[in-house]
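K.L.:
Pasting protein12.txt here (compact mmCIF, C-alpha atoms (C1' of nucleotides)):
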# COMPACT_ATOMS: atom_id res chain seq x y z
CA MET A 1 0.00 0.00 0.00
CA PRO A 2 2.37 2.73 1.04
CA GLU A 3 4.20 4.71 -1.54
CA LEU A 4 5.64 8.07 -0.58
CA PRO A 5 2.31 9.93 -0.76
CA GLU A 6 0.73 7.43 1.61
CA VAL A 7 3.65 7.70 4.01
CA GLU A 8 3.47 11.49 3.89
CA THR A 9 -0.28 11.38 4.41
CA THR A 10 0.19 9.03 7.34
CA LEU A 11 2.81 11.32 8.83
CA ARG A 12 0.54 14.34 8.58
CA GLY A 13 -2.33 12.38 10.04
CA ILE A 14 -0.56 11.03 13.08
CA LYS A 15 1.84 13.85 13.86
CA PRO A 16 -0.58 16.10 15.74
CA HIS A 17 -1.51 13.19 18.01
CA LEU A 18 2.08 12.31 18.86
CA GLN A 19 4.17 15.41 19.03
CA GLY A 20 4.72 16.58 22.58
CA LYS A 21 3.09 13.48 24.05
CA THR A 22 4.73 11.12 26.48
CA ILE A 23 5.10 7.42 25.81
CA ASP A 24 3.50 5.33 28.50
CA ALA A 25 4.47 1.91 27.19
CA ILE A 26 5.33 -0.02 24.11
CA ILE A 27 3.48 -3.23 23.43
CA ILE A 28 5.11 -5.73 21.13
CA ARG A 29 2.68 -8.48 20.17
CA ASP A 30 4.72 -9.85 17.33
CA ARG A 31 8.29 -8.81 16.85
CA ARG A 32 8.76 -10.73 13.63
CA LEU A 33 8.84 -7.88 11.18
CA ARG A 34 11.46 -7.54 8.49
CA TRP A 35 13.99 -7.44 11.32
CA PRO A 36 13.12 -8.46 14.85
CA VAL A 37 11.70 -5.52 16.77
CA PRO A 38 14.20 -4.77 19.57
CA LEU A 39 12.52 -5.64 22.86
CA THR A 40 14.72 -3.15 24.67
CA ILE A 41 12.70 -0.25 23.29
CA ARG A 42 10.04 -1.08 25.86
CA LYS A 43 12.25 0.04 28.74
CA LYS A 44 14.17 2.67 26.86
CA LEU A 45 11.14 4.54 25.61
CA ALA A 46 8.73 4.27 28.52
CA GLY A 47 8.26 7.73 29.98
CA GLN A 48 9.94 9.44 27.05
CA LEU A 49 8.60 12.59 25.47
CA ILE A 50 8.05 12.49 21.71
CA ASP A 51 9.89 15.56 20.52
CA ASN A 52 8.97 15.29 16.89
CA ILE A 53 8.04 12.93 14.11
CA ASP A 54 9.16 13.26 10.52
CA ARG A 55 10.25 11.15 7.62
CA ARG A 56 13.20 10.43 5.38
CA GLY A 57 12.09 8.73 2.19
CA LYS A 58 9.52 6.20 3.30
CA TYR A 59 11.06 5.83 6.74
CA LEU A 60 9.16 7.48 9.56
CA LEU A 61 11.26 8.83 12.40
CA LEU A 62 9.93 9.27 15.89
CA HIS A 63 12.36 11.34 17.90
CA THR A 64 12.81 11.27 21.66
CA GLN A 65 15.53 12.45 24.02
CA VAL A 66 17.09 9.01 24.23
CA GLY A 67 16.94 8.13 20.57
CA THR A 68 14.82 7.65 17.48
CA VAL A 69 12.34 4.98 16.45
CA ILE A 70 12.78 4.16 12.77
CA MET A 71 9.64 2.76 11.17
CA HIS A 72 8.87 1.53 7.68
CA LEU A 73 5.48 0.33 6.45
CA GLY A 74 6.80 -2.08 3.84
CA MET A 75 4.12 -3.26 1.41
CA SER A 76 1.17 -3.64 3.72
CA GLY A 77 1.80 -1.56 6.80
CA SER A 78 -0.45 1.12 8.21
CA LEU A 79 -0.48 3.30 11.30
CA ARG A 80 -3.35 4.79 13.18
CA VAL A 81 -3.92 6.55 16.43
CA ILE A 82 -6.60 4.74 18.38
CA ASP A 83 -7.88 4.48 21.91
CA SER A 84 -5.49 2.04 23.55
CA ALA A 85 -8.43 0.03 24.87
CA VAL A 86 -9.53 -0.91 21.35
CA VAL A 87 -9.03 -4.64 20.98
CA PRO A 88 -6.16 -5.31 18.58
CA GLU A 89 -6.85 -7.31 15.45
CA LYS A 90 -4.90 -10.07 13.86
CA HIS A 91 -2.01 -8.14 12.36
CA ASP A 92 -1.75 -5.33 14.89
CA HIS A 93 1.82 -6.05 15.91
CA ILE A 94 2.98 -2.98 17.80
CA ASP A 95 1.38 -0.29 19.98
CA ILE A 96 3.12 2.82 21.15
CA VAL A 97 0.84 3.70 24.03
CA LEU A 98 0.65 7.32 25.06
CA GLU A 99 -0.02 8.78 28.46
CA ASN A 100 -3.48 9.91 27.34
CA HIS A 101 -4.61 6.33 26.69
CA LYS A 102 -4.26 6.73 22.97
CA ALA A 103 -1.90 4.51 21.05
CA LEU A 104 -0.09 4.55 17.75
CA ARG A 105 -0.91 1.13 16.39
CA LEU A 106 1.05 -0.58 13.62
CA ARG A 107 -0.75 -3.10 11.48
CA ASP A 108 1.26 -5.01 8.90
CA PRO A 109 -0.09 -8.30 7.52
CA ARG A 110 2.89 -9.11 5.35
CA ARG A 111 5.43 -7.99 7.94
CA PHE A 112 7.75 -6.39 5.40
CA GLY A 113 7.84 -3.27 7.50
CA CYS A 114 10.16 -2.57 10.41
CA VAL A 115 10.39 -0.90 13.79
CA LEU A 116 13.96 -0.19 14.84
CA PHE A 117 15.70 2.07 17.28
CA THR A 118 18.86 4.11 17.21
CA ALA A 119 20.38 6.11 20.02
CA THR A 120 22.48 8.16 17.62
CA ASP A 121 21.83 10.27 14.53
CA PRO A 122 19.18 8.35 12.58
CA LEU A 123 20.39 9.80 9.30
CA LYS A 124 23.65 7.95 9.89
CA HIS A 125 21.83 4.69 10.43
CA LYS A 126 22.76 2.04 7.92
CA LEU A 127 19.31 2.08 6.34
CA LEU A 128 19.25 5.83 5.88
CA ALA A 129 22.87 6.80 5.36
CA ASP A 130 23.02 6.21 1.61
CA LEU A 131 19.60 7.46 0.61
CA GLY A 132 19.34 9.82 -2.33
CA PRO A 133 17.62 13.22 -2.23
CA GLU A 134 13.96 13.76 -1.49
CA PRO A 135 12.07 13.88 -4.79
CA LEU A 136 10.24 17.09 -3.89
CA SER A 137 13.38 18.92 -2.84
CA ASP A 138 15.49 21.18 -5.05
CA ASP A 139 18.37 18.74 -4.72
CA PHE A 140 16.43 16.47 -6.99
CA ASN A 141 16.74 18.06 -10.41
CA SER A 142 17.57 17.13 -13.97
CA ASP A 143 21.23 18.06 -13.64
CA TYR A 144 21.63 15.69 -10.74
CA LEU A 145 19.82 12.81 -12.45
CA TYR A 146 21.62 13.35 -15.73
CA LYS A 147 25.04 13.23 -14.09
CA LYS A 148 24.19 10.22 -11.94
CA SER A 149 22.93 8.29 -14.92
CA ARG A 150 25.86 8.59 -17.28
CA LYS A 151 27.28 5.22 -18.30
CA ARG A 152 24.56 3.38 -16.46
CA LYS A 153 22.91 0.62 -18.41
CA LEU A 154 20.17 -0.05 -15.92
CA ALA A 155 16.60 0.41 -17.19
CA ILE A 156 15.43 3.95 -16.44
CA LYS A 157 12.51 2.61 -14.44
CA LEU A 158 14.79 0.71 -12.08
CA PHE A 159 17.14 3.67 -11.95
CA ILE A 160 14.50 6.05 -10.63
CA MET A 161 13.22 3.40 -8.22
CA ASP A 162 16.69 3.02 -6.70
CA SER A 163 16.61 4.74 -3.31
CA LYS A 164 20.29 5.62 -3.59
CA ILE A 165 19.39 7.75 -6.60
CA VAL A 166 16.18 9.26 -5.26
CA VAL A 167 13.87 8.15 -2.47
CA GLY A 168 10.14 7.67 -2.63
CA VAL A 169 9.55 6.68 -6.24
CA GLY A 170 7.66 3.40 -5.98
CA ASN A 171 6.30 1.18 -8.70
CA ILE A 172 3.04 3.03 -9.33
CA TYR A 173 4.59 6.46 -9.61
CA ALA A 174 7.58 5.24 -11.61
CA ASN A 175 5.14 3.95 -14.22
CA GLU A 176 3.10 7.12 -14.17
CA ALA A 177 6.05 9.50 -14.32
CA LEU A 178 7.70 7.69 -17.23
CA PHE A 179 4.44 7.85 -19.13
CA LEU A 180 4.09 11.58 -18.51
CA ALA A 181 7.69 12.13 -19.57
CA GLY A 182 7.32 9.98 -22.69
CA ILE A 183 10.20 7.68 -21.78
CA HIS A 184 10.14 3.93 -22.39
CA PRO A 185 10.69 2.17 -19.05
CA ARG A 186 13.37 -0.10 -20.52
CA ARG A 187 15.56 2.66 -21.88
CA ALA A 188 19.05 2.52 -20.42
CA ALA A 189 19.35 5.29 -17.84
CA GLY A 190 22.60 6.42 -19.43
CA LYS A 191 20.93 6.90 -22.81
CA VAL A 192 18.21 9.23 -21.64
CA SER A 193 18.81 12.80 -22.83
CA ARG A 194 19.12 15.85 -20.65
CA GLU A 195 15.83 17.12 -22.07
CA SER A 196 14.06 13.90 -21.17
CA TYR A 197 15.44 14.05 -17.64
CA GLU A 198 14.06 17.54 -17.45
CA LYS A 199 10.62 16.16 -18.26
CA LEU A 200 11.06 13.19 -16.00
CA VAL A 201 11.95 15.24 -12.94
CA THR A 202 8.97 17.49 -13.56
CA ALA A 203 6.73 14.45 -13.98
CA ILE A 204 7.95 12.77 -10.78
CA LYS A 205 7.43 15.90 -8.74
CA GLN A 206 4.05 16.53 -10.29
CA VAL A 207 2.76 13.01 -9.83
CA LEU A 208 3.94 12.78 -6.22
CA SER A 209 2.61 16.15 -5.17
CA ALA A 210 -0.72 15.48 -6.83
CA ALA A 211 -0.98 12.18 -4.97
CA ILE A 212 -0.05 13.80 -1.68
CA LYS A 213 -2.68 16.41 -2.31
CA ALA A 214 -5.25 13.71 -3.10
CA GLY A 215 -4.18 11.82 0.03
CA GLY A 216 -4.62 15.04 1.89
CA THR A 217 -8.16 15.52 0.70
CA SER A 218 -9.13 11.91 1.30
CA LEU A 219 -7.25 11.95 4.56
CA ARG A 220 -9.66 10.57 7.02
CA ASP A 221 -9.53 10.67 10.71
CA PHE A 222 -6.37 8.85 11.60
CA THR A 223 -7.76 8.24 15.03
CA ARG A 224 -10.36 5.93 13.56
CA SER A 225 -9.89 4.67 10.05
CA VAL A 226 -6.94 3.14 8.34
CA CYS A 227 -5.30 5.18 5.65
CA LYS A 228 -7.38 4.49 2.57
CA PRO A 229 -5.83 4.41 -0.88
CA GLY A 230 -8.09 7.36 -1.51
CA ASP A 231 -8.94 9.14 -4.70
CA PHE A 232 -5.54 9.07 -6.30
CA LYS A 233 -6.27 5.82 -8.06
CA GLN A 234 -8.69 7.44 -10.43
CA SER A 235 -6.01 9.79 -11.72
CA LEU A 236 -3.66 6.98 -12.74
CA ARG A 237 -2.99 6.97 -16.47
CA VAL A 238 -1.25 3.66 -17.10
CA TYR A 239 -0.71 1.71 -13.90
CA ASP A 240 -2.85 -1.43 -13.82
CA LYS A 241 -4.38 -0.53 -17.18
CA LYS A 242 -3.06 -3.30 -19.38
CA SER A 243 -4.89 -3.38 -22.75
CA GLU A 244 -6.89 -0.29 -21.95
CA PRO A 245 -6.56 2.60 -24.41
CA CYS A 246 -3.72 5.03 -23.82
CA PRO A 247 -5.24 8.30 -22.55
CA VAL A 248 -3.18 10.21 -25.11
CA CYS A 249 -3.12 8.17 -28.33
CA GLY A 250 -5.60 5.38 -27.71
CA LYS A 251 -3.21 2.52 -28.35
CA PRO A 252 -3.66 -0.35 -25.87
CA ILE A 253 -1.37 -0.04 -22.86
CA SER A 254 1.41 -2.62 -22.80
CA HIS A 255 2.46 -4.66 -19.81
CA ALA A 256 5.85 -6.15 -19.05
CA VAL A 257 7.85 -7.23 -16.06
CA ILE A 258 10.97 -5.20 -15.35
CA GLY A 259 13.06 -6.09 -12.35
CA GLN A 260 10.30 -8.41 -11.16
CA ARG A 261 7.83 -5.54 -11.01
CA SER A 262 4.75 -4.97 -13.11
CA THR A 263 5.31 -2.27 -15.70
CA TYR A 264 2.72 -0.44 -17.79
CA TYR A 265 3.48 1.82 -20.72
CA CYS A 266 2.42 3.00 -24.15
CA THR A 267 4.71 1.95 -26.98
CA GLN A 268 3.40 4.81 -29.06
CA CYS A 269 3.95 7.59 -26.54
CA GLN A 270 7.05 6.31 -24.76
CA LYS A 271 10.34 5.94 -26.61
C1' DA B 1 30.84 -0.34 -8.75
C1' DT B 2 26.98 -2.26 -11.12
C1' DG B 3 23.23 -5.22 -12.09
C1' DC B 4 20.54 -9.11 -11.22
C1' DG B 5 17.70 -12.36 -8.72
C1' DG B 6 16.19 -14.21 -4.38
C1' DA B 7 14.39 -13.47 -0.07
C1' DC B 8 11.11 -12.02 3.40
C1' DC B 9 5.35 -12.64 4.40
C1' DT B 10 -0.01 -12.89 4.06
C1' DG B 11 -4.18 -11.60 1.74
C1' DT B 12 -6.81 -11.04 -2.43
C1' DT B 13 -7.99 -12.12 -6.95
C1' DA B 14 -7.80 -14.53 -11.47
C1' DG B 15 -8.29 -18.74 -13.63
C1' DC B 16 -9.46 -23.53 -14.10
C1' DT C 1 -18.63 -23.08 -5.91
C1' DG C 2 -14.08 -24.44 -4.63
C1' DC C 3 -9.27 -25.03 -5.11
C1' DT C 4 -4.77 -23.34 -6.76
C1' DA C 5 -1.69 -20.23 -8.61
C1' DA C 6 -0.35 -15.78 -9.46
C1' DC C 7 0.14 -11.43 -7.89
C1' DA C 8 0.43 -7.25 -4.72
C1' DG C 9 1.87 -0.29 -3.74
C1' DG C 10 9.16 -2.41 -0.76
C1' DT C 11 13.83 -2.94 -0.44
C1' DC C 12 17.70 -5.32 1.48
C1' DC C 13 21.24 -8.63 0.63
C1' DG C 14 24.45 -11.64 -1.58
C1' DC C 15 26.45 -13.04 -5.65
C1' DA C 16 28.56 -12.73 -10.39
Translate this structure into structure tokens?

P.N.:
Amino acid sequence: MPELPEVETTLRGIKPHLQGKTIDAIIIRDRRLRWPVPLTIRKKLAGQLIDNIDRRGKYLLLHTQVGTVIMHLGMSGSLRVIDSAVVPEKHDHIDIVLENHKALRLRDPRRFGCVLFTATDPLKHKLLADLGPEPLSDDFNSDYLYKKSRKRKLAIKLFIMDSKIVVGVGNIYANEALFLAGIHPRRAAGKVSRESYEKLVTAIKQVLSAAIKAGGTSLRDFTRSVCKPGDFKQSLRVYDKKSEPCPVCGKPISHAVIGQRSTYYCTQCQK
DNA sequence: ATGCGGACCTGTTAGC
DNA sequence: TGCTAACAGGTCCGCA
């Protein structure tokens, strides 16, 4: 479920409920996420004030005086703020219980997500240290992408999905952005022109901000409902539209697998 | 350094 | 209708 817009939407939804609150307890019902959830966070974080919560790429960072909780939602994770008395369901693995009897509850059926802890600078943590720029920042521009891509033979789609190059471009938005930029997903990254990178950067920023905006409008009450995919799905142009007419030229959308991920594109519009 | 494929999981859907 | 297989919005890791 979570691509960058969903993570951002989640962040905005939960932040007001967490910032400045004190952690009462941490309940670990199932620590078998992508990496085992460190049991020591229960003692370390009890009584701690949550200074702030933000994100780097798709990682959510919950900052306290003693360290930072690093969370990732993987493929199927979601977070909500609920009354801590609400009976947990099957895949509700972790609760961060607050002093006010609310809790941040992590649900993750596939358990590809993670909850980790670092006492030092989270940006120096192994998982975050080598991340590329944020896609909506000025550091992410066509000059940067063009230079990074020279001599690289990797398919452009995989290139922009590489978090060392840029964070937050998941499968859906990679498909959408390449369509908007008119670039064939299999093109070697090193053979994409400066002009095309110009278009691509614009497309990535546009598609992500539009989705964040849509997430923002469909943003429910994070104290009750799970983050819904929302309205953004109706604005998709190619993703999951195999054989449907291209919105620009009408030719049926093609489907292929690139790097084990489903890829949708128009052979007429994308070269 | 780069590029590829496997791995980790469960739930939902497509197909027979 | 029921069973099985394929597939799903992520990304790390190890190997060639």

K.L.:
Please, which residues in region 76-182 of chain A fall within 6 Å of region 1-13 of chain B when counting only C-alpha atoms (C1' of nucleotides), and what is the closest atom pair and distance in Å to one decimal for each, ordered by chain then residue number, as a Markdown table?

P.N.:
| residue | atom | partner | partner_atom | distance |
| --- | --- | --- | --- | --- |
| A:Pro109 | CA | B:DT10 | C1' | 5.7 |
| A:Arg110 | CA | B:DC9 | C1' | 4.4 |
| A:Arg111 | CA | B:DC9 | C1' | 5.8 |

K.L.:
Taking all atoms listed in the file into account and nothing else, which residues of chain A lie no more than 10 Å away from chain B? Please answer as an MDAnalysis selection string.

P.N.:
chainID A and resid 33:35 75:76 91 108:112 152:154 259:260

K.L.:
With 12 Å as the limit and counting all atoms listed in the file, what residues in chain C lie close to chain A? Please list them as number ranges by chain.

P.N.:
C: 7-12

K.L.:
Write out as an mmCIF file with C-alpha atoms, in the frame of the given file which residues come within 9 Å of region 14-24 of chain A when counting only C-alpha atoms (C1' of nucleotides), dropping same-chain ones fewer than 6 positions away.

P.N.:
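Okay, result25.cif is ready:
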data_model
loop_
_atom_site.group_PDB
_atom_site.id
_atom_site.type_symbol
_atom_site.label_atom_id
_atom_site.label_comp_id
_atom_site.auth_asym_id
_atom_site.auth_seq_id
_atom_site.Cartn_x
_atom_site.Cartn_y
_atom_site.Cartn_z
ATOM 1 C CA LEU A 45 11.140 4.540 25.610
ATOM 2 C CA ALA A 46 8.730 4.270 28.520
ATOM 3 C CA GLY A 47 8.260 7.730 29.980
ATOM 4 C CA GLN A 48 9.940 9.440 27.050
ATOM 5 C CA LEU A 49 8.600 12.590 25.470
ATOM 6 C CA ILE A 50 8.050 12.490 21.710
ATOM 7 C CA ASP A 51 9.890 15.560 20.520
ATOM 8 C CA ASN A 52 8.970 15.290 16.890
ATOM 9 C CA ILE A 53 8.040 12.930 14.110
ATOM 10 C CA ASP A 54 9.160 13.260 10.520
ATOM 11 C CA LEU A 62 9.930 9.270 15.890
ATOM 12 C CA LEU A 79 -0.480 3.300 11.300
ATOM 13 C CA ARG A 80 -3.350 4.790 13.180
ATOM 14 C CA VAL A 81 -3.920 6.550 16.430
ATOM 15 C CA ILE A 96 3.120 2.820 21.150
ATOM 16 C CA VAL A 97 0.840 3.700 24.030
ATOM 17 C CA LEU A 98 0.650 7.320 25.060
ATOM 18 C CA GLU A 99 -0.020 8.780 28.460
ATOM 19 C CA ASN A 100 -3.480 9.910 27.340
ATOM 20 C CA HIS A 101 -4.610 6.330 26.690
ATOM 21 C CA LYS A 102 -4.260 6.730 22.970
ATOM 22 C CA ALA A 103 -1.900 4.510 21.050
ATOM 23 C CA LEU A 104 -0.090 4.550 17.750
ATOM 24 C CA PHE A 222 -6.370 8.850 11.600
ATOM 25 C CA THR A 223 -7.760 8.240 15.030
#

K.L.:
What is the CA of Lys233 (chain A)-CA of Lys213 (chain A) distance in Å, reported with one decimal?

P.N.:
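Going from CA of Lys233 (chain A) over to CA of Lys213 (chain A), I get 12.6 Å.
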
K.L.:
As an exercise, work out the distance from CA of Ala129 (chain A) to CA of Ile27 (chain A) in Å and give it to one decimal place.

P.N.:
28.3 Å
